[in-house]
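Novice: My structure is in start04.txt, and what it holds is compact mmCIF, C-alpha atoms:
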```txt
# COMPACT_ATOMS: atom_id res chain seq x y z
CA THR R 1 0.00 0.00 0.00
CA GLU R 2 2.79 2.42 0.88
CA LEU R 3 4.57 1.72 -2.42
CA VAL R 4 1.41 2.30 -4.45
CA GLY R 5 0.74 5.53 -2.58
CA ARG R 6 4.24 6.84 -3.34
CA SER R 7 4.38 5.82 -7.00
CA LEU R 8 0.86 7.00 -7.91
CA ALA R 9 0.50 10.15 -5.84
CA PRO R 10 -2.10 12.70 -6.97
CA ARG R 11 -1.01 14.41 -10.18
CA HIS R 12 -2.26 17.62 -11.75
CA HIS R 13 -3.03 17.57 -15.48
CA PRO R 14 -3.42 21.05 -17.02
CA PHE R 15 -5.57 19.60 -19.79
CA ALA R 16 -7.70 16.49 -20.20
CA SER R 17 -10.63 15.71 -22.49
CA ILE R 18 -13.19 13.60 -20.61
CA LEU R 19 -16.07 11.56 -22.00
CA PHE R 20 -19.00 9.89 -20.26
CA ALA R 21 -21.32 7.56 -22.20
CA ASP R 22 -24.50 5.93 -20.91
CA ILE R 23 -26.74 3.33 -22.55
CA VAL R 24 -30.19 4.88 -23.01
CA GLY R 25 -33.08 2.96 -21.44
CA PHE R 26 -30.82 0.29 -20.05
CA THR R 27 -32.45 0.14 -16.61
CA ALA R 28 -35.82 -0.78 -18.11
CA LEU R 29 -34.21 -3.22 -20.53
CA ALA R 30 -32.25 -4.88 -17.72
CA SER R 31 -35.49 -5.86 -15.99
CA THR R 32 -36.34 -8.12 -18.95
CA ILE R 33 -32.99 -9.96 -19.13
CA GLU R 34 -31.45 -12.56 -16.84
CA PRO R 35 -28.49 -11.09 -14.85
CA PRO R 36 -25.82 -13.43 -16.33
CA ILE R 37 -26.92 -12.50 -19.87
CA LEU R 38 -26.96 -8.83 -18.92
CA VAL R 39 -23.37 -9.02 -17.68
CA GLN R 40 -22.30 -10.84 -20.86
CA TYR R 41 -23.86 -8.10 -22.95
CA LEU R 42 -22.16 -5.33 -20.98
CA ASP R 43 -18.84 -7.18 -21.24
CA TRP R 44 -19.23 -7.45 -25.01
CA PHE R 45 -20.45 -3.88 -25.51
CA PHE R 46 -17.83 -2.25 -23.30
CA GLY R 47 -15.19 -4.45 -24.93
CA GLN R 48 -16.11 -2.82 -28.24
CA LEU R 49 -15.68 0.61 -26.65
CA ASP R 50 -12.33 -0.47 -25.18
CA ASP R 51 -11.11 -1.29 -28.70
CA VAL R 52 -12.18 2.13 -29.96
CA CYS R 53 -10.36 3.89 -27.11
CA GLN R 54 -7.17 1.89 -27.60
CA GLY R 55 -7.16 2.71 -31.29
CA ALA R 56 -7.54 6.43 -30.57
CA ASN R 57 -4.95 6.54 -27.75
CA VAL R 58 -7.70 7.32 -25.25
CA GLU R 59 -7.57 5.85 -21.75
CA LYS R 60 -10.55 4.06 -20.25
CA ILE R 61 -11.01 5.08 -16.61
CA LYS R 62 -13.89 2.91 -15.43
CA THR R 63 -17.42 1.64 -15.94
CA ILE R 64 -20.19 2.36 -13.46
CA GLY R 65 -23.20 0.17 -14.18
CA ASP R 66 -23.98 0.95 -17.82
CA CYS R 67 -21.90 4.16 -17.83
CA TYR R 68 -18.46 4.33 -19.49
CA MET R 69 -15.79 6.93 -18.68
CA CYS R 70 -12.60 7.65 -20.61
CA VAL R 71 -9.99 10.41 -20.91
CA ALA R 72 -7.36 11.78 -23.26
CA PHE R 73 -4.46 13.62 -21.61
CA ASP R 74 -2.44 16.15 -23.61
CA ASP R 75 -0.85 19.57 -23.58
CA LEU R 76 -3.19 22.57 -23.60
CA LEU R 77 -1.60 23.64 -26.89
CA ASN R 78 -3.08 20.50 -28.49
CA ALA R 79 -6.57 21.08 -27.08
CA SER R 80 -8.32 21.26 -30.44
CA ALA R 81 -6.76 18.06 -31.79
CA THR R 82 -7.30 16.17 -28.53
CA ASN R 83 -10.94 17.22 -28.26
CA SER R 84 -11.51 16.28 -31.90
CA ARG R 85 -9.99 12.87 -31.19
CA MET R 86 -12.34 12.37 -28.26
CA LEU R 87 -15.33 13.40 -30.37
CA SER R 88 -14.27 10.82 -32.94
CA VAL R 89 -14.40 8.22 -30.17
CA ALA R 90 -17.92 9.42 -29.35
CA GLU R 91 -18.90 9.02 -33.00
CA HIS R 92 -17.70 5.42 -33.01
CA MET R 93 -19.61 4.73 -29.79
CA HIS R 94 -22.83 5.93 -31.41
CA THR R 95 -22.17 3.74 -34.44
CA ILE R 96 -21.55 0.62 -32.34
CA ALA R 97 -24.70 1.24 -30.30
CA SER R 98 -26.87 1.89 -33.35
CA ARG R 99 -25.74 -1.38 -34.94
CA THR R 100 -26.52 -3.37 -31.79
CA CYS R 101 -30.09 -4.64 -31.58
CA MET R 102 -31.79 -5.64 -28.33
CA SER R 103 -35.52 -6.41 -28.10
CA SER R 104 -35.91 -5.59 -31.81
CA LYS R 105 -34.57 -2.07 -31.26
CA SER R 106 -31.17 -0.60 -32.03
CA MET R 107 -29.45 0.79 -28.96
CA ASP R 108 -28.63 4.42 -28.25
CA VAL R 109 -25.95 5.99 -26.08
CA ARG R 110 -26.03 9.43 -24.53
CA VAL R 111 -22.56 11.01 -24.60
CA GLY R 112 -21.18 14.05 -22.77
CA VAL R 113 -17.73 15.59 -23.23
CA HIS R 114 -15.90 18.44 -21.49
CA ALA R 115 -12.23 19.37 -21.19
CA GLY R 116 -10.02 21.17 -18.70
CA PRO R 117 -7.65 20.60 -15.76
CA VAL R 118 -8.02 17.51 -13.57
CA ILE R 119 -6.31 15.66 -10.75
CA SER R 120 -5.55 11.96 -11.19
CA GLY R 121 -4.44 9.35 -8.70
CA ILE R 122 -5.37 6.46 -6.44
CA ILE R 123 -7.00 6.81 -3.03
CA GLY R 124 -7.93 4.40 -0.26
CA LYS R 125 -6.24 1.31 1.14
CA ASP R 126 -7.89 -1.53 -0.79
CA LYS R 127 -9.12 -2.41 -4.31
CA PHE R 128 -6.98 0.32 -5.86
CA ALA R 129 -8.42 2.08 -8.91
CA PHE R 130 -6.99 4.96 -10.92
CA ASP R 131 -9.48 7.85 -11.06
CA LEU R 132 -9.93 11.53 -11.88
CA TRP R 133 -11.30 14.42 -9.84
CA GLY R 134 -12.16 18.05 -10.37
CA ASP R 135 -14.74 20.43 -11.79
CA THR R 136 -13.90 19.26 -15.31
CA VAL R 137 -15.00 15.72 -14.42
CA ASN R 138 -18.23 16.97 -12.86
CA ILE R 139 -19.14 19.07 -15.91
CA ALA R 140 -18.39 16.20 -18.31
CA ALA R 141 -20.71 13.97 -16.27
CA ARG R 142 -23.41 16.67 -16.35
CA MET R 143 -23.04 16.97 -20.13
CA GLU R 144 -23.92 13.29 -20.35
CA SER R 145 -26.80 13.34 -17.86
CA THR R 146 -28.43 16.41 -19.48
CA GLY R 147 -27.80 15.17 -23.01
CA LEU R 148 -30.17 13.54 -25.49
CA PRO R 149 -30.39 9.91 -26.68
CA GLY R 150 -28.14 9.22 -29.65
CA CYS R 151 -26.39 12.58 -29.30
CA THR R 152 -23.07 14.02 -28.15
CA HIS R 153 -23.47 16.95 -25.76
CA ILE R 154 -20.51 19.30 -25.20
CA SER R 155 -19.73 22.44 -23.22
CA SER R 156 -19.23 25.81 -24.86
CA ASP R 157 -15.57 25.77 -23.76
CA LEU R 158 -14.97 22.55 -25.65
CA TYR R 159 -16.94 23.80 -28.66
CA ASN R 160 -14.88 27.01 -28.81
CA SER R 161 -11.64 24.99 -28.80
CA LEU R 162 -12.57 23.10 -31.97
CA GLU R 163 -11.18 24.11 -35.33
CA ASN R 164 -13.89 22.10 -37.08
CA LYS R 165 -17.27 22.83 -35.50
CA ALA R 166 -19.32 21.12 -38.22
CA GLY R 167 -22.19 18.99 -37.02
CA PHE R 168 -22.76 20.83 -33.72
CA THR R 169 -25.71 23.10 -33.14
CA LEU R 170 -26.40 25.56 -30.35
CA ARG R 171 -28.73 24.13 -27.74
CA GLU R 172 -31.12 26.06 -25.56
CA GLN R 173 -29.44 26.94 -22.29
CA VAL R 174 -29.27 23.95 -19.97
CA GLU R 175 -29.64 23.97 -16.20
CA VAL R 176 -26.63 22.06 -14.85
CA LYS R 177 -26.59 20.92 -11.23
CA GLY R 178 -23.96 22.81 -9.27
CA LYS R 179 -23.16 25.14 -12.19
CA GLY R 180 -26.41 26.93 -12.94
CA THR R 181 -27.40 27.75 -16.51
CA MET R 182 -24.85 26.77 -19.16
CA GLN R 183 -24.65 27.32 -22.90
CA THR R 184 -23.97 24.00 -24.64
CA TYR R 185 -23.85 22.41 -28.08
CA ILE R 186 -25.15 19.12 -29.37
CA SER R 187 -24.51 16.79 -32.28
CA ARG R 188 -26.63 13.90 -33.55
CA PRO R 189 -24.43 11.57 -35.63
CA GLU R 190 -25.98 9.90 -38.64
CA ARG R 191 -27.12 6.40 -37.77
CA ASN R 192 -25.28 3.83 -39.86
CA LEU R 193 -27.20 0.57 -39.89
CA SER R 194 -25.36 -0.97 -42.84
CA SER R 195 -24.21 -3.85 -40.66
CA ILE R 196 -25.24 -5.29 -37.32
CA HIS R 197 -22.66 -6.25 -34.72
CA LYS R 198 -22.77 -9.93 -33.81
CA LEU R 199 -23.74 -10.47 -30.20
CA PRO R 200 -22.23 -13.22 -28.04
CA PRO R 201 -24.15 -16.52 -28.54
CA ALA R 202 -25.85 -16.51 -25.12
CA VAL R 203 -26.89 -12.86 -25.51
CA SER R 204 -28.06 -13.47 -29.09
CA GLN R 205 -30.26 -16.40 -28.00
CA THR R 206 -31.86 -14.29 -25.27
CA VAL R 207 -32.49 -11.44 -27.69
CA GLN R 208 -34.23 -13.84 -30.08
CA LYS R 209 -36.54 -14.95 -27.27
CA LEU R 210 -37.37 -11.33 -26.47
CA THR R 211 -38.14 -10.28 -30.05
```
Please go through the file and, once you have read it, give me the structure as structure tokens.
Specialist:
Amino acid sequence: TELVGRSLAPRHHPFASILFADIVGFTALASTIEPPILVQYLDWFFGQLDDVCQGANVEKIKTIGDCYMCVAFDDLLNASATNSRMLSVAEHMHTIASRTCMSSKSMDVRVGVHAGPVISGIIGKDKFAFDLWGDTVNIAARMESTGLPGCTHISSDLYNSLENKAGFTLREQVEVKGKGTMQTYISRPERNLSSIHKLPPAVSQTVQKLT
């Protein structure tokens, strides 16, 4: 414990792009599926997101239920490129979800992204887990929770950092817990249903029973 505490002490990052993604309607869907099948589905789905993050040099932080959190660290001078990279990850997440059918319906994710300074590290004495803290994390989480199904919701700070703002539209001011009214932007990626991702056998069999 002492060694871990010394080698992974809290560290300040001047810039980090943070994404939260949540499966829309998952709580209701979960009530219709056996727990072992549900876990297999989440393992498969989040595994797809892991592959996307690894390919984009984005670091997965954790999953909380059906919520996925990841981050891209970089220098503030590269803010535009780093944020664009994270938005590309969001685009891939929407594509994977839209090609995944459960109960005869394609899935949707709600994505929120914000960028700024954060603190990273490990706390506690047991079951160590690397995590992030700070106002930037809180705002990113609020962007997700106040977002819309199938859309990517971003802060005005992140929007203003982008060189290419195509696809984002100004949203009516949003009331954000702990921050008051915020001006935000939203994007709804085109749904690409040209191919359907193959579900794990056990999940696929359950889906067939539900359809």
Novice: Quick check, in Å to one decimal: how far apart do CA of Thr32 (chain R) and CA of His94 (chain R) lie?
Specialist: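 Interatomic distance, CA of Thr32 (chain R) to CA of His94 (chain R): 23.1 Å.
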Novice: Just the number, please: distance in Å from CA of Gln173 (chain R) to CA of Pro149 (chain R), one decimal.
Specialist: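 Interatomic distance, CA of Gln173 (chain R) to CA of Pro149 (chain R): 17.6 Å.
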Novice: Between R:Ala166, R:Ala129, R:Arg110, R:Arg11, single out the one closest to Ser98 (chain R), counting only C-alpha atoms.
Specialist: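 Checking each candidate against Ser98 (chain R), we get R:Arg110 as the closest.
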Novice: So which one's closest to Leu77 (chain R), R:Ile96, R:Ile33, R:Val118, R:Ala16? Using all atoms listed in the file, please.
Specialist: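 Nearest to Leu77 (chain R): R:Ala16.
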Novice: Taking only C-alpha atoms into account, which of R:Pro14, R:Gly65, R:Gly112, R:Gly167 comes nearest Met143 (chain R)?
Specialist: R:Gly112
Novice: Would you pick out the contacts of Glu91 (chain R) at 10 Å or less, using all atoms listed in the file, so that residues sharing its chain but fewer than 6 positions from it are not included, and give the list as a list in words?
Specialist: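 Selected residues are Arg85, Val111, Gly150, Cys151, Thr152, Ser187, Arg188, Pro189, Glu190 and Arg191 of chain R.
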Novice: Using Å and a single decimal, report how far CA of Val52 (chain R) sits from CA of Val113 (chain R).
Specialist: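 Computed distance, CA of Val113 (chain R) to CA of Val52 (chain R), equals 16.0 Å.
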Novice: Rank R:Gly124, R:Ala72, R:Thr27, R:Tyr185 by their smallest atom-to-atom distance to Cys53 (chain R), using all atoms listed in the file, and report the top residue only.
Specialist: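 Looking at the shortest contact to Cys53 (chain R), the residue is R:Ala72.
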Novice: What's the 9 Å shell around Ser120 (chain R), counting all atoms listed in the file, without same-chain residues fewer than 3 positions away, as a PDB file with C-alpha atoms, in the frame of the given file?
Specialist:
```pdb
ATOM      1  CA  LEU R   8       0.860   7.000  -7.910  1.00  0.00           C
ATOM      2  CA  ALA R   9       0.500  10.150  -5.840  1.00  0.00           C
ATOM      3  CA  PRO R  10      -2.100  12.700  -6.970  1.00  0.00           C
ATOM      4  CA  ARG R  11      -1.010  14.410 -10.180  1.00  0.00           C
ATOM      5  CA  HIS R  12      -2.260  17.620 -11.750  1.00  0.00           C
ATOM      6  CA  HIS R  13      -3.030  17.570 -15.480  1.00  0.00           C
ATOM      7  CA  PHE R 130      -6.990   4.960 -10.920  1.00  0.00           C
ATOM      8  CA  ASP R 131      -9.480   7.850 -11.060  1.00  0.00           C
ATOM      9  CA  LEU R 132      -9.930  11.530 -11.880  1.00  0.00           C
ATOM     10  CA  TRP R 133     -11.300  14.420  -9.840  1.00  0.00           C
TER      11      TRP R 133
END
```
Novice: Nearest to Ala81 (chain R): which of R:Ser17, R:Ser145, R:Ser156, R:Thr184 is it, counting all atoms listed in the file?
Specialist: R:Ser17
Novice: I'd like to know which of R:Gly25, R:Ala79, R:Asp74, R:Ser88 is closest to Ala56 (chain R), using only C-alpha atoms.
Specialist: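 Of all the options, R:Ser88 lies closest to Ala56 (chain R).
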Novice: Within 7 Å of Leu162 (chain R), counting only C-alpha atoms, which residues show up once you throw out same-chain ones fewer than 4 positions away? Write them as a list in words, please.
Specialist: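 The residues that qualify are Ser80, Ser84 and Leu158 of chain R.
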Novice: Fix up region 116-141 of chain R with N, CA, C and O atoms, then write it as a JSON list (two decimals), in the frame of the given file.
Specialist:
```
[["chain", "number", "residue", "atom", "x", "y", "z"],
["R", 116, "GLY", "N", -10.61, 20.20, -19.61],
["R", 116, "GLY", "CA", -10.02, 21.17, -18.70],
["R", 116, "GLY", "C", -9.04, 20.49, -17.77],
["R", 116, "GLY", "O", -8.67, 19.33, -17.97],
["R", 117, "PRO", "N", -8.62, 21.17, -16.71],
["R", 117, "PRO", "CA", -7.65, 20.60, -15.76],
["R", 117, "PRO", "C", -8.29, 19.56, -14.85],
["R", 117, "PRO", "O", -9.46, 19.68, -14.49],
["R", 118, "VAL", "N", -7.53, 18.54, -14.49],
["R", 118, "VAL", "CA", -8.02, 17.51, -13.57],
["R", 118, "VAL", "C", -6.88, 17.05, -12.66],
["R", 118, "VAL", "O", -5.70, 17.31, -12.92],
["R", 119, "ILE", "N", -7.26, 16.34, -11.62],
["R", 119, "ILE", "CA", -6.31, 15.66, -10.75],
["R", 119, "ILE", "C", -6.53, 14.16, -10.93],
["R", 119, "ILE", "O", -7.66, 13.69, -10.95],
["R", 120, "SER", "N", -5.43, 13.42, -11.09],
["R", 120, "SER", "CA", -5.55, 11.96, -11.19],
["R", 120, "SER", "C", -4.78, 11.31, -10.05],
["R", 120, "SER", "O", -3.89, 11.92, -9.46],
["R", 121, "GLY", "N", -5.15, 10.07, -9.75],
["R", 121, "GLY", "CA", -4.44, 9.35, -8.70],
["R", 121, "GLY", "C", -5.21, 8.16, -8.19],
["R", 121, "GLY", "O", -6.21, 7.74, -8.79],
["R", 122, "ILE", "N", -4.74, 7.61, -7.09],
["R", 122, "ILE", "CA", -5.37, 6.46, -6.44],
["R", 122, "ILE", "C", -5.55, 6.81, -4.97],
["R", 122, "ILE", "O", -4.64, 7.34, -4.34],
["R", 123, "ILE", "N", -6.75, 6.53, -4.44],
["R", 123, "ILE", "CA", -7.00, 6.81, -3.03],
["R", 123, "ILE", "C", -7.52, 5.55, -2.35],
["R", 123, "ILE", "O", -7.97, 4.61, -3.00],
["R", 124, "GLY", "N", -7.46, 5.54, -1.03],
["R", 124, "GLY", "CA", -7.93, 4.40, -0.26],
["R", 124, "GLY", "C", -6.83, 3.40, 0.03],
["R", 124, "GLY", "O", -5.67, 3.58, -0.35],
["R", 125, "LYS", "N", -7.20, 2.32, 0.72],
["R", 125, "LYS", "CA", -6.24, 1.31, 1.14],
["R", 125, "LYS", "C", -6.48, -0.06, 0.52],
["R", 125, "LYS", "O", -5.70, -0.98, 0.74],
["R", 126, "ASP", "N", -7.56, -0.21, -0.25],
["R", 126, "ASP", "CA", -7.89, -1.53, -0.79],
["R", 126, "ASP", "C", -8.59, -1.37, -2.13],
["R", 126, "ASP", "O", -9.18, -0.32, -2.41],
["R", 127, "LYS", "N", -8.49, -2.41, -2.98],
["R", 127, "LYS", "CA", -9.12, -2.41, -4.31],
["R", 127, "LYS", "C", -8.77, -1.14, -5.05],
["R", 127, "LYS", "O", -9.65, -0.36, -5.47],
["R", 128, "PHE", "N", -7.48, -0.91, -5.24],
["R", 128, "PHE", "CA", -6.98, 0.32, -5.86],
["R", 128, "PHE", "C", -7.56, 0.52, -7.27],
["R", 128, "PHE", "O", -7.66, -0.43, -8.05],
["R", 129, "ALA", "N", -7.92, 1.75, -7.57],
["R", 129, "ALA", "CA", -8.42, 2.08, -8.91],
["R", 129, "ALA", "C", -7.99, 3.50, -9.26],
["R", 129, "ALA", "O", -8.19, 4.44, -8.47],
["R", 130, "PHE", "N", -7.38, 3.66, -10.42],
["R", 130, "PHE", "CA", -6.99, 4.96, -10.92],
["R", 130, "PHE", "C", -8.24, 5.76, -11.24],
["R", 130, "PHE", "O", -9.18, 5.26, -11.85],
["R", 131, "ASP", "N", -8.28, 7.04, -10.84],
["R", 131, "ASP", "CA", -9.48, 7.85, -11.06],
["R", 131, "ASP", "C", -9.10, 9.30, -11.28],
["R", 131, "ASP", "O", -7.93, 9.70, -11.12],
["R", 132, "LEU", "N", -10.11, 10.10, -11.62],
["R", 132, "LEU", "CA", -9.93, 11.53, -11.88],
["R", 132, "LEU", "C", -10.90, 12.33, -11.01],
["R", 132, "LEU", "O", -12.00, 11.88, -10.71],
["R", 133, "TRP", "N", -10.46, 13.54, -10.64],
["R", 133, "TRP", "CA", -11.30, 14.42, -9.84],
["R", 133, "TRP", "C", -11.17, 15.86, -10.34],
["R", 133, "TRP", "O", -10.19, 16.23, -10.96],
["R", 134, "GLY", "N", -12.21, 16.64, -10.05],
["R", 134, "GLY", "CA", -12.16, 18.05, -10.37],
["R", 134, "GLY", "C", -13.44, 18.53, -11.04],
["R", 134, "GLY", "O", -14.30, 17.74, -11.44],
["R", 135, "ASP", "N", -13.56, 19.82, -11.18],
["R", 135, "ASP", "CA", -14.74, 20.43, -11.79],
["R", 135, "ASP", "C", -14.93, 19.96, -13.22],
["R", 135, "ASP", "O", -16.06, 19.80, -13.69],
["R", 136, "THR", "N", -13.82, 19.73, -13.92],
["R", 136, "THR", "CA", -13.90, 19.26, -15.31],
["R", 136, "THR", "C", -14.64, 17.93, -15.39],
["R", 136, "THR", "O", -15.47, 17.71, -16.28],
["R", 137, "VAL", "N", -14.34, 17.03, -14.46],
["R", 137, "VAL", "CA", -15.00, 15.72, -14.42],
["R", 137, "VAL", "C", -16.50, 15.89, -14.16],
["R", 137, "VAL", "O", -17.34, 15.27, -14.82],
["R", 138, "ASN", "N", -16.83, 16.75, -13.21],
["R", 138, "ASN", "CA", -18.23, 16.97, -12.86],
["R", 138, "ASN", "C", -19.02, 17.52, -14.04],
["R", 138, "ASN", "O", -20.16, 17.09, -14.31],
["R", 139, "ILE", "N", -18.44, 18.48, -14.77],
["R", 139, "ILE", "CA", -19.14, 19.07, -15.91],
["R", 139, "ILE", "C", -19.31, 18.04, -17.03],
["R", 139, "ILE", "O", -20.37, 17.96, -17.66],
["R", 140, "ALA", "N", -18.28, 17.24, -17.28],
["R", 140, "ALA", "CA", -18.39, 16.20, -18.31],
["R", 140, "ALA", "C", -19.53, 15.24, -17.97],
["R", 140, "ALA", "O", -20.32, 14.85, -18.85],
["R", 141, "ALA", "N", -19.63, 14.86, -16.70],
["R", 141, "ALA", "CA", -20.71, 13.97, -16.27],
["R", 141, "ALA", "C", -22.07, 14.64, -16.45],
["R", 141, "ALA", "O", -23.05, 13.98, -16.85]]
```
